[in-house]
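Peer 1: Next up, upload-v2.cif (mmCIF, C-alpha atoms).
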data_input
loop_
_atom_site.label_atom_id
_atom_site.label_comp_id
_atom_site.auth_asym_id
_atom_site.auth_seq_id
_atom_site.Cartn_x
_atom_site.Cartn_y
_atom_site.Cartn_z
CA MET A 10 0.00 0.00 0.00
CA ILE A 11 3.03 2.27 0.32
CA PHE A 12 2.81 3.25 -3.37
CA VAL A 13 -0.45 5.17 -2.84
CA VAL A 14 1.23 7.61 -0.42
CA PRO A 15 2.57 9.97 -3.17
CA ASP A 16 -0.84 9.94 -4.89
CA VAL A 17 -2.69 10.84 -1.70
CA LEU A 18 -0.09 13.51 -0.89
CA LEU A 19 -0.41 15.01 -4.39
CA LEU A 20 -4.20 15.07 -4.24
CA ALA A 21 -4.10 16.68 -0.77
CA LEU A 22 -1.71 19.36 -2.05
CA LEU A 23 -3.97 19.94 -5.08
CA LEU A 24 -6.99 20.39 -2.82
CA ALA A 25 -5.11 22.73 -0.48
CA THR A 26 -3.92 24.84 -3.45
CA ALA A 27 -7.43 24.98 -4.90
CA PHE A 28 -8.87 26.16 -1.58
CA ALA A 29 -6.15 28.79 -1.23
CA ILE A 30 -6.88 30.03 -4.78
CA ALA A 31 -10.58 30.32 -3.99
CA ARG A 32 -9.96 32.17 -0.71
CA LEU A 33 -7.23 34.63 -1.70
CA GLY A 34 -8.07 38.14 -2.84
CA ASN A 35 -4.64 39.13 -4.13
CA LEU A 36 -4.55 38.19 -7.80
CA VAL A 37 -0.75 38.03 -8.07
CA ALA A 38 -0.72 35.42 -5.31
CA VAL A 39 -3.59 33.60 -7.06
CA VAL A 40 -1.63 33.49 -10.33
CA MET A 41 1.40 32.09 -8.48
CA LEU A 42 -0.78 29.42 -6.88
CA LEU A 43 -2.33 28.56 -10.26
CA GLY A 44 1.18 27.94 -11.57
CA LEU A 45 1.82 25.71 -8.56
CA TYR A 46 -1.46 23.91 -9.24
CA SER A 47 -0.39 23.22 -12.82
CA LEU A 48 2.96 21.90 -11.65
CA LEU A 49 1.20 19.56 -9.22
CA MET A 50 -1.11 18.45 -12.05
CA ALA A 51 1.99 17.77 -14.17
CA LEU A 52 3.21 15.47 -11.37
CA VAL A 53 -0.18 13.73 -11.36
CA TRP A 54 0.18 13.12 -15.12
CA VAL A 55 3.66 11.70 -14.56
CA VAL A 56 2.23 9.36 -11.91
CA LEU A 57 -0.39 8.29 -14.48
CA ASP A 58 2.40 7.66 -17.05
CA ALA A 59 1.07 10.42 -19.34
CA VAL A 60 4.42 12.15 -19.86
CA ASP A 61 3.34 14.04 -22.98
CA VAL A 62 0.44 15.61 -21.11
CA ALA A 63 2.70 16.29 -18.13
CA PHE A 64 5.16 18.07 -20.42
CA THR A 65 2.39 20.22 -21.89
CA GLU A 66 0.93 20.98 -18.47
CA ALA A 67 4.32 22.06 -17.11
CA ALA A 68 5.25 24.15 -20.17
CA VAL A 69 1.83 25.71 -20.84
CA GLY A 70 0.06 25.63 -17.48
CA ALA A 71 2.92 26.40 -15.14
CA GLY A 72 5.07 28.35 -17.60
CA ILE A 73 3.45 30.48 -20.28
CA THR A 74 0.02 30.81 -18.65
CA THR A 75 1.55 32.18 -15.44
CA ILE A 76 3.43 34.87 -17.39
CA LEU A 77 0.40 35.78 -19.51
CA MET A 78 -1.86 35.95 -16.44
CA LEU A 79 0.70 38.14 -14.64
CA SER A 80 0.82 40.55 -17.58
CA ALA A 81 -2.99 40.55 -17.62
CA VAL A 82 -3.02 41.31 -13.88
CA ALA A 83 -0.58 44.16 -14.52
CA LEU A 84 -3.21 45.67 -16.83
CA THR A 85 -6.19 45.20 -14.53
CA GLY A 86 -4.88 45.63 -10.97
CA ALA A 87 -3.71 43.12 -8.41
CA GLU A 88 -6.52 43.26 -5.85
CA GLU A 89 -9.92 41.67 -6.16
CA LYS A 90 -12.91 43.87 -5.38
CA PRO A 91 -13.62 43.55 -1.65
CA ARG A 92 -16.42 41.07 -1.14
CA ARG A 93 -19.25 41.70 1.26
CA ARG A 94 -19.43 39.00 3.90
CA ARG A 95 -22.65 37.14 3.39
CA ARG A 96 -24.52 34.72 5.56
CA LEU A 97 -24.19 31.04 4.77
CA SER A 98 -26.93 30.13 2.34
CA TRP A 99 -28.39 26.76 3.29
CA VAL A 100 -29.96 26.26 -0.16
CA SER A 101 -26.58 26.70 -1.91
CA LEU A 102 -24.88 24.40 0.58
CA ALA A 103 -27.56 21.73 0.04
CA ILE A 104 -27.20 21.96 -3.77
CA VAL A 105 -23.39 21.74 -3.57
CA LEU A 106 -23.51 18.77 -1.19
CA ALA A 107 -26.12 16.97 -3.31
CA THR A 108 -24.12 17.50 -6.51
CA GLY A 109 -20.94 16.36 -4.79
CA ALA A 110 -22.65 13.25 -3.44
CA ALA A 111 -24.07 12.46 -6.90
CA LEU A 112 -20.62 12.76 -8.47
CA VAL A 113 -19.03 10.54 -5.83
CA TYR A 114 -21.88 8.03 -6.31
CA ALA A 115 -21.24 8.07 -10.08
CA THR A 116 -17.57 7.17 -9.62
CA ALA A 117 -18.65 3.78 -8.23
CA GLU A 118 -19.89 2.85 -11.72
CA MET A 119 -16.74 4.00 -13.50
CA PRO A 120 -14.23 1.41 -14.73
CA HIS A 121 -11.06 1.13 -12.67
CA LEU A 122 -7.95 3.01 -13.76
CA GLY A 123 -6.17 1.07 -16.49
CA ASP A 124 -8.96 -1.53 -16.78
CA PRO A 125 -8.39 -3.19 -20.19
CA GLU A 126 -12.13 -3.86 -20.48
CA ALA A 127 -13.05 -0.17 -20.11
CA PRO A 128 -14.96 1.18 -23.17
CA VAL A 129 -12.25 3.75 -23.87
CA HIS A 130 -9.68 0.97 -24.31
CA ARG A 131 -11.87 -1.13 -26.59
CA HIS A 132 -12.81 1.44 -29.24
CA VAL A 133 -10.09 2.66 -31.64
CA ALA A 134 -7.20 2.52 -29.17
CA PRO A 135 -6.26 -1.15 -29.82
CA ARG A 136 -5.97 -0.46 -33.54
CA TYR A 137 -3.71 2.58 -32.97
CA ILE A 138 -1.53 0.60 -30.58
CA SER A 139 -1.16 -2.41 -32.85
CA GLU A 140 -0.97 -0.67 -36.24
CA SER A 141 0.77 2.67 -35.54
CA PRO A 142 4.37 1.34 -35.52
CA ARG A 143 3.79 -0.36 -38.90
CA GLU A 144 1.78 2.45 -40.50
CA THR A 145 3.69 5.53 -39.32
CA GLY A 146 6.98 4.10 -38.05
CA ILE A 147 6.92 6.54 -35.16
CA PRO A 148 7.91 5.19 -31.74
CA ASN A 149 5.97 7.82 -29.77
CA LEU A 150 2.34 6.73 -30.13
CA VAL A 151 1.08 10.05 -28.75
CA THR A 152 2.70 11.96 -31.61
CA SER A 153 1.40 9.61 -34.29
CA VAL A 154 -2.16 9.85 -32.90
CA LEU A 155 -2.00 13.64 -32.52
CA ALA A 156 -0.39 14.46 -35.84
CA SER A 157 -1.66 11.66 -38.07
CA TYR A 158 -4.72 9.73 -36.88
CA ARG A 159 -6.22 12.78 -35.18
CA GLY A 160 -4.80 15.34 -37.60
CA TYR A 161 -8.11 17.14 -37.97
CA ASP A 162 -8.33 17.74 -34.21
CA THR A 163 -4.82 19.12 -34.09
CA LEU A 164 -5.48 21.34 -37.11
CA GLY A 165 -8.52 22.66 -35.23
CA GLU A 166 -6.41 23.30 -32.12
CA VAL A 167 -3.84 25.28 -34.10
CA ALA A 168 -6.68 27.28 -35.65
CA VAL A 169 -7.99 27.99 -32.14
CA ILE A 170 -4.57 29.27 -31.01
CA PHE A 171 -4.24 31.42 -34.12
CA THR A 172 -7.73 32.81 -33.51
CA ALA A 173 -6.85 33.54 -29.88
CA GLY A 174 -3.80 35.52 -31.01
CA ILE A 175 -5.88 37.48 -33.52
CA ALA A 176 -8.58 38.12 -30.91
CA VAL A 177 -6.03 39.51 -28.44
CA LEU A 178 -4.68 41.75 -31.19
CA VAL A 179 -8.16 42.99 -32.09
CA LEU A 180 -8.97 43.79 -28.46
CA LEU A 181 -5.64 45.12 -27.17
CA GLY A 182 -3.53 45.47 -30.28
CA ARG A 183 -3.61 49.23 -30.70
CA GLY A 184 -0.04 49.42 -29.35
CA PHE A 185 1.21 46.33 -31.15
CA ARG A 186 2.43 48.02 -34.33
CA ARG A 187 2.66 51.66 -33.39
CA ARG A 188 5.64 51.49 -31.03
CA GLU A 189 7.79 49.81 -33.60
CA ASP A 190 6.99 52.32 -36.32
CA GLU A 191 7.97 55.16 -34.01
CA GLU A 192 11.33 53.65 -33.23
CA MET B 6 15.45 46.44 -15.31
CA ASN B 7 18.93 47.59 -16.19
CA GLU B 8 20.31 47.49 -12.65
CA HIS B 9 19.85 43.73 -12.16
CA VAL B 10 23.23 42.52 -13.38
CA VAL B 11 22.73 38.94 -12.19
CA LEU B 12 19.37 38.60 -13.93
CA ARG B 13 20.69 40.06 -17.16
CA VAL B 14 23.79 37.84 -17.24
CA VAL B 15 21.90 34.68 -16.27
CA THR B 16 19.19 35.40 -18.86
CA LYS B 17 21.74 35.89 -21.61
CA ALA B 18 23.39 32.61 -20.65
CA LEU B 19 20.08 30.72 -20.47
CA ILE B 20 18.39 31.87 -23.67
CA PRO B 21 20.53 29.84 -26.12
CA PHE B 22 19.88 26.69 -24.11
CA ILE B 23 16.13 27.34 -23.97
CA LEU B 24 16.06 27.85 -27.75
CA LEU B 25 18.12 24.72 -28.30
CA PHE B 26 15.86 22.72 -26.01
CA GLY B 27 12.84 24.06 -27.94
CA LEU B 28 14.37 22.86 -31.21
CA TYR B 29 15.18 19.50 -29.62
CA VAL B 30 11.59 19.05 -28.45
CA GLN B 31 10.34 20.13 -31.90
CA THR B 32 12.46 17.61 -33.80
CA HIS B 33 12.31 14.73 -31.30
CA GLY B 34 8.54 14.66 -30.80
CA ASP B 35 8.50 11.42 -32.82
CA TYR B 36 10.77 9.63 -30.38
CA GLY B 37 10.03 11.07 -26.96
CA PRO B 38 7.53 13.25 -25.15
CA GLY B 39 6.93 16.57 -26.83
CA GLY B 40 6.08 17.90 -30.26
CA GLY B 41 5.22 21.13 -31.98
CA PHE B 42 2.96 22.45 -29.26
CA GLN B 43 5.39 22.08 -26.37
CA ALA B 44 8.31 23.16 -28.54
CA GLY B 45 6.46 26.31 -29.60
CA VAL B 46 5.77 27.21 -25.99
CA ILE B 47 9.39 26.59 -24.92
CA PHE B 48 10.69 28.56 -27.90
CA ALA B 49 8.35 31.45 -27.08
CA SER B 50 9.37 31.38 -23.40
CA ALA B 51 12.93 32.31 -24.41
CA PHE B 52 11.67 35.48 -26.12
CA ILE B 53 9.29 36.22 -23.25
CA LEU B 54 12.17 35.88 -20.77
CA TYR B 55 14.16 38.28 -22.94
CA GLY B 56 11.21 40.67 -22.93
CA LEU B 57 10.84 40.47 -19.13
CA ILE B 58 14.49 41.37 -18.54
CA PHE B 59 15.41 43.66 -21.44
CA GLY B 60 12.04 45.29 -22.10
CA ILE B 61 9.37 45.03 -24.75
CA GLY B 62 11.10 47.44 -27.11
CA ALA B 63 14.16 45.20 -27.35
CA THR B 64 11.96 42.14 -27.96
CA ARG B 65 10.18 43.96 -30.79
CA ARG B 66 13.52 44.65 -32.45
CA VAL B 67 14.43 40.96 -32.20
CA PHE B 68 11.01 39.76 -33.31
CA PRO B 69 9.20 42.49 -35.29
CA SER B 70 5.42 42.38 -35.09
CA ARG B 71 5.06 41.92 -38.84
CA LEU B 72 7.26 38.82 -38.73
CA LEU B 73 5.29 37.47 -35.76
CA LEU B 74 1.96 37.77 -37.57
CA LEU B 75 3.46 36.32 -40.74
CA LEU B 76 4.85 33.28 -38.88
CA ALA B 77 1.61 32.69 -36.97
CA ALA B 78 -0.37 32.61 -40.21
CA LEU B 79 2.34 30.63 -42.00
CA GLY B 80 2.23 27.85 -39.40
CA LEU B 81 -1.52 27.36 -39.71
CA LEU B 82 -1.34 27.61 -43.52
CA MET B 83 1.45 25.03 -43.53
CA PHE B 84 -0.67 22.56 -41.56
CA ALA B 85 -3.70 23.12 -43.78
CA GLY B 86 -1.48 23.18 -46.87
CA VAL B 87 -0.07 19.74 -46.08
CA GLY B 88 -3.66 18.52 -46.12
CA VAL B 89 -4.31 20.16 -49.49
CA ALA B 90 -1.04 18.76 -50.87
CA ALA B 91 -2.22 15.27 -49.85
CA LEU B 92 -5.47 15.91 -51.72
CA VAL B 93 -3.59 17.07 -54.83
CA MET B 94 -1.38 13.98 -54.73
CA GLY B 95 -4.40 11.73 -54.75
CA GLY B 96 -4.94 10.93 -51.08
CA ASN B 97 -7.45 12.05 -48.48
CA TYR B 98 -7.09 15.35 -46.65
CA LEU B 99 -4.09 15.05 -44.28
CA GLU B 100 -3.34 11.51 -45.51
CA TYR B 101 0.45 11.70 -45.32
CA ALA B 102 1.12 8.26 -46.81
CA VAL B 103 0.89 9.66 -50.38
CA PHE B 104 3.93 11.92 -49.94
CA ALA B 105 6.41 9.16 -50.73
CA GLU B 106 6.62 5.77 -52.39
CA ASP B 107 7.09 4.28 -48.96
CA SER B 108 3.99 5.16 -46.91
CA VAL B 109 5.96 5.12 -43.64
CA PHE B 110 8.39 7.68 -45.03
CA GLY B 111 5.44 9.72 -46.33
CA ASN B 112 3.99 9.73 -42.84
CA HIS B 113 7.34 10.95 -41.49
CA ILE B 114 7.39 13.86 -43.94
CA GLY B 115 3.78 14.79 -43.24
CA ILE B 116 4.08 14.65 -39.47
CA TRP B 117 7.36 16.59 -39.51
CA LEU B 118 5.83 19.41 -41.59
CA VAL B 119 2.62 19.48 -39.58
CA GLU B 120 4.51 19.64 -36.27
CA LEU B 121 6.66 22.44 -37.64
CA GLY B 122 3.49 24.35 -38.53
CA VAL B 123 2.12 23.80 -35.01
CA GLY B 124 5.40 25.01 -33.49
CA LEU B 125 5.52 28.14 -35.67
CA THR B 126 1.95 29.19 -34.90
CA VAL B 127 2.11 28.41 -31.17
CA SER B 128 5.41 30.20 -30.56
CA SER B 129 4.56 33.32 -32.53
CA VAL B 130 1.05 33.59 -31.05
CA MET B 131 2.44 33.24 -27.50
CA VAL B 132 5.03 35.98 -28.10
CA THR B 133 2.34 38.12 -29.76
CA ILE B 134 0.00 37.82 -26.78
CA PHE B 135 2.82 38.60 -24.36
CA ILE B 136 3.99 41.66 -26.31
CA THR B 137 0.42 42.92 -26.70
CA PHE B 138 -0.37 42.53 -23.00
CA ALA B 139 2.92 43.94 -21.79
CA GLY B 140 3.01 46.78 -24.33
CA PHE B 141 -0.61 47.85 -23.87
CA GLY B 142 -0.18 50.02 -20.77
CA SER B 143 3.05 51.66 -21.85
CA VAL B 144 1.62 52.79 -25.20
CA SER B 145 -1.72 54.18 -24.12
CA GLY B 146 -0.08 55.87 -21.15
CA ASP B 147 -3.24 55.84 -19.03
CA THR B 148 -2.64 52.67 -17.04
CA ARG B 149 0.17 52.13 -14.52
#
As C-alpha cells, what does this structure read like?

Peer 2:
Amino acid sequence: MIFVVPDVLLLALLLATAFAIARLGNLVAVVMLLGLYSLLMALVWVVLDAVDVAFTEAAVGAGITTILMLSAVALTGAEEKPRRRRRLSWVSLAIVLATGAALVYATAEMPHLGDPEAPVHRHVAPRYISESPRETGIPNLVTSVLASYRGYDTLGEVAVIFTAGIAVLVLLGRGFRRREDEE
Amino acid sequence: MNEHVVLRVVTKALIPFILLFGLYVQTHGDYGPGGGFQAGVIFASAFILYGLIFGIGATRRVFPSRLLLLLAALGLLMFAGVGVAALVMGGNYLEYAVFAEDSVFGNHIGIWLVELGVGLTVSSVMVTIFITFAGFGSVSGDTR
C-alpha cells in the first residue's frame, strides 16, 4: 500500500492549493498558486504515465500561462474587489452537497484506472496501438495519434490558437504596431 | 530592469539553451515526449524571458510584429497546406502516406511538416499575446 502515499499527498496538495486560490483576494498570489497547481497536475500526469500531457501541463500551465496571467493582472490591478461578507446560504450548501454526493456516487460505476475492459480501451485505441508502428513508423504513439490519426483535431487546435492571437490583437492590439513604427 | 546585473547575465546565458531545447523538443517529438505544441511554448518562453528582462522594445527589435503575424499565419497555412497537398497527390485530406513511395516515409514527412506548422503558430502567437499585454499600458499611457 506504500505506493499510494505519493498519490494521496499530491491530491491533498492539489486540494489545499485549490482552496487557497478560492480564498485569496490578491490576484498576483492567485496566479502564483495557479502555476503551482499546474505543476502539481503535471506530477499527477507523470504518476499516471502520461508524460506528454505532463510536459504540456508544465510548459503551458505552469510556464506560459503564469506569465500571460501576470501581464494581464498588470493591466487590470492586483486586488480583487472587496467582497461583502454574506450569511451562509443553506440552499446553496444543500445543492453543492447533493451535486458532490451524486458525483461521488457516479464514480462507483466507473471502470477502474487502467482496466483493459473499459470502453475507452476497446474502441479505436487497440488499432492505434497495434498498427501505428507499422503504418507511421513513429515510436511515440502520442505523436502519431495527434499528428496523423487525429490530424483534424490538431489542425482545429492550431486554428484555435491562431484565432486567440488574432482576438487579443483585435482587443488590445492598438499598441502592437505603433511602437515599432515610431522607433 | 537595467540594474539587475545577475538577472541580465543569467538570462543571456540561459536563452541559447532554452532555444536549443525548444528545437530539440520540436524535432524529437516522434521519439520522446513533446512535439510542436510544447516546442512552440518553450521557444516562445525564451523570447518572453528576454522581454521580461530587457524590455518590450528590445523584444520587438528581435522579433518584429510583422514577422510574428506572418509566422503565426504561415504555421496554420502550412498545416492546412499539407492537407491540401495530400489531396492534390491523390490521397485524403491530411493523408500523409501519399507523400512518398514508402507510406511510412510519407507519414514521417507529413508529421514533420505538420509539427513544424504547429510550433511556428504556437510560438509566434504566444510571443504576440505577451507583447500585446505587456506593451498595452506603456503605449496608451493611461494605465500604470

Peer 1: For each of B:Ala91, B:Gln43, B:Ile136, B:Gly37, take the minimum atom-to-atom distance to Phe68 (chain B), counting only C-alpha atoms, then give the residue where this is smallest.

Peer 2: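 Checking each of B:Ala91, B:Gln43, B:Ile136, B:Gly37 against Phe68 (chain B), counting only C-alpha atoms, the winner is B:Ile136.
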
Peer 1: Translate the PyMOL selection byres ((chain B and resi 104) around 10) into a concrete residue list for this structure, as a PyMOL selection string.

Peer 2: chain B and resi 87+90-91+94-96+100-103+105-115

Peer 1: Would you kindly return, as a ChimeraX atom specification, each protein, DNA or RNA residue with an atom no farther than 6 Å from any atom of Gly39 (chain B), considering all atoms listed in the file and excluding same-chain residues fewer than 3 positions away?

Peer 2: /A:61 /B:30,34,43

Peer 1: Taking the file above as input, evaluate the PyMOL selection byres ((chain B) within 8 of (chain A)) and report the hits as a PyMOL selection string.

Peer 2: chain B and resi 34-40+42-43+46-47+50+62+65-66+69-70+77-78+81+84-85+99-101+108-110+112-113+116+119-120+123+126-127+130-131+133-142+144-145+148-149

Peer 1: Write a file of the selected residues as an mmCIF file, keeping the file's coordinate frame, keeping C-alpha atoms.

Peer 2:
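Contents of part27.cif, freshly written:
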data_model
loop_
_atom_site.group_PDB
_atom_site.id
_atom_site.type_symbol
_atom_site.label_atom_id
_atom_site.label_comp_id
_atom_site.auth_asym_id
_atom_site.auth_seq_id
_atom_site.Cartn_x
_atom_site.Cartn_y
_atom_site.Cartn_z
ATOM 1 C CA GLY B 34 8.540 14.660 -30.800
ATOM 2 C CA ASP B 35 8.500 11.420 -32.820
ATOM 3 C CA TYR B 36 10.770 9.630 -30.380
ATOM 4 C CA GLY B 37 10.030 11.070 -26.960
ATOM 5 C CA PRO B 38 7.530 13.250 -25.150
ATOM 6 C CA GLY B 39 6.930 16.570 -26.830
ATOM 7 C CA GLY B 40 6.080 17.900 -30.260
ATOM 8 C CA PHE B 42 2.960 22.450 -29.260
ATOM 9 C CA GLN B 43 5.390 22.080 -26.370
ATOM 10 C CA VAL B 46 5.770 27.210 -25.990
ATOM 11 C CA ILE B 47 9.390 26.590 -24.920
ATOM 12 C CA SER B 50 9.370 31.380 -23.400
ATOM 13 C CA GLY B 62 11.100 47.440 -27.110
ATOM 14 C CA ARG B 65 10.180 43.960 -30.790
ATOM 15 C CA ARG B 66 13.520 44.650 -32.450
ATOM 16 C CA PRO B 69 9.200 42.490 -35.290
ATOM 17 C CA SER B 70 5.420 42.380 -35.090
ATOM 18 C CA ALA B 77 1.610 32.690 -36.970
ATOM 19 C CA ALA B 78 -0.370 32.610 -40.210
ATOM 20 C CA LEU B 81 -1.520 27.360 -39.710
ATOM 21 C CA PHE B 84 -0.670 22.560 -41.560
ATOM 22 C CA ALA B 85 -3.700 23.120 -43.780
ATOM 23 C CA LEU B 99 -4.090 15.050 -44.280
ATOM 24 C CA GLU B 100 -3.340 11.510 -45.510
ATOM 25 C CA TYR B 101 0.450 11.700 -45.320
ATOM 26 C CA SER B 108 3.990 5.160 -46.910
ATOM 27 C CA VAL B 109 5.960 5.120 -43.640
ATOM 28 C CA PHE B 110 8.390 7.680 -45.030
ATOM 29 C CA ASN B 112 3.990 9.730 -42.840
ATOM 30 C CA HIS B 113 7.340 10.950 -41.490
ATOM 31 C CA ILE B 116 4.080 14.650 -39.470
ATOM 32 C CA VAL B 119 2.620 19.480 -39.580
ATOM 33 C CA GLU B 120 4.510 19.640 -36.270
ATOM 34 C CA VAL B 123 2.120 23.800 -35.010
ATOM 35 C CA THR B 126 1.950 29.190 -34.900
ATOM 36 C CA VAL B 127 2.110 28.410 -31.170
ATOM 37 C CA VAL B 130 1.050 33.590 -31.050
ATOM 38 C CA MET B 131 2.440 33.240 -27.500
ATOM 39 C CA THR B 133 2.340 38.120 -29.760
ATOM 40 C CA ILE B 134 0.000 37.820 -26.780
ATOM 41 C CA PHE B 135 2.820 38.600 -24.360
ATOM 42 C CA ILE B 136 3.990 41.660 -26.310
ATOM 43 C CA THR B 137 0.420 42.920 -26.700
ATOM 44 C CA PHE B 138 -0.370 42.530 -23.000
ATOM 45 C CA ALA B 139 2.920 43.940 -21.790
ATOM 46 C CA GLY B 140 3.010 46.780 -24.330
ATOM 47 C CA PHE B 141 -0.610 47.850 -23.870
ATOM 48 C CA GLY B 142 -0.180 50.020 -20.770
ATOM 49 C CA VAL B 144 1.620 52.790 -25.200
ATOM 50 C CA SER B 145 -1.720 54.180 -24.120
ATOM 51 C CA THR B 148 -2.640 52.670 -17.040
ATOM 52 C CA ARG B 149 0.170 52.130 -14.520
#

Peer 1: Excluding Phe52 (chain B) and any residue of its chain fewer than 3 positions from it, enumerate the residues within 9 Å of it, using all atoms listed in the file, and give them as a PDB file with C-alpha atoms, in the coordinates of the input.

Peer 2:
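In the end it all went to part15.pdb:
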ATOM      1  CA  ILE B  20      18.390  31.870 -23.670  1.00  0.00           C
ATOM      2  CA  LEU B  24      16.060  27.850 -27.750  1.00  0.00           C
ATOM      3  CA  PHE B  48      10.690  28.560 -27.900  1.00  0.00           C
ATOM      4  CA  ALA B  49       8.350  31.450 -27.080  1.00  0.00           C
ATOM      5  CA  TYR B  55      14.160  38.280 -22.940  1.00  0.00           C
ATOM      6  CA  GLY B  56      11.210  40.670 -22.930  1.00  0.00           C
ATOM      7  CA  LEU B  57      10.840  40.470 -19.130  1.00  0.00           C
ATOM      8  CA  THR B  64      11.960  42.140 -27.960  1.00  0.00           C
ATOM      9  CA  VAL B  67      14.430  40.960 -32.200  1.00  0.00           C
ATOM     10  CA  PHE B  68      11.010  39.760 -33.310  1.00  0.00           C
ATOM     11  CA  VAL B 132       5.030  35.980 -28.100  1.00  0.00           C
TER      12      VAL B 132
END
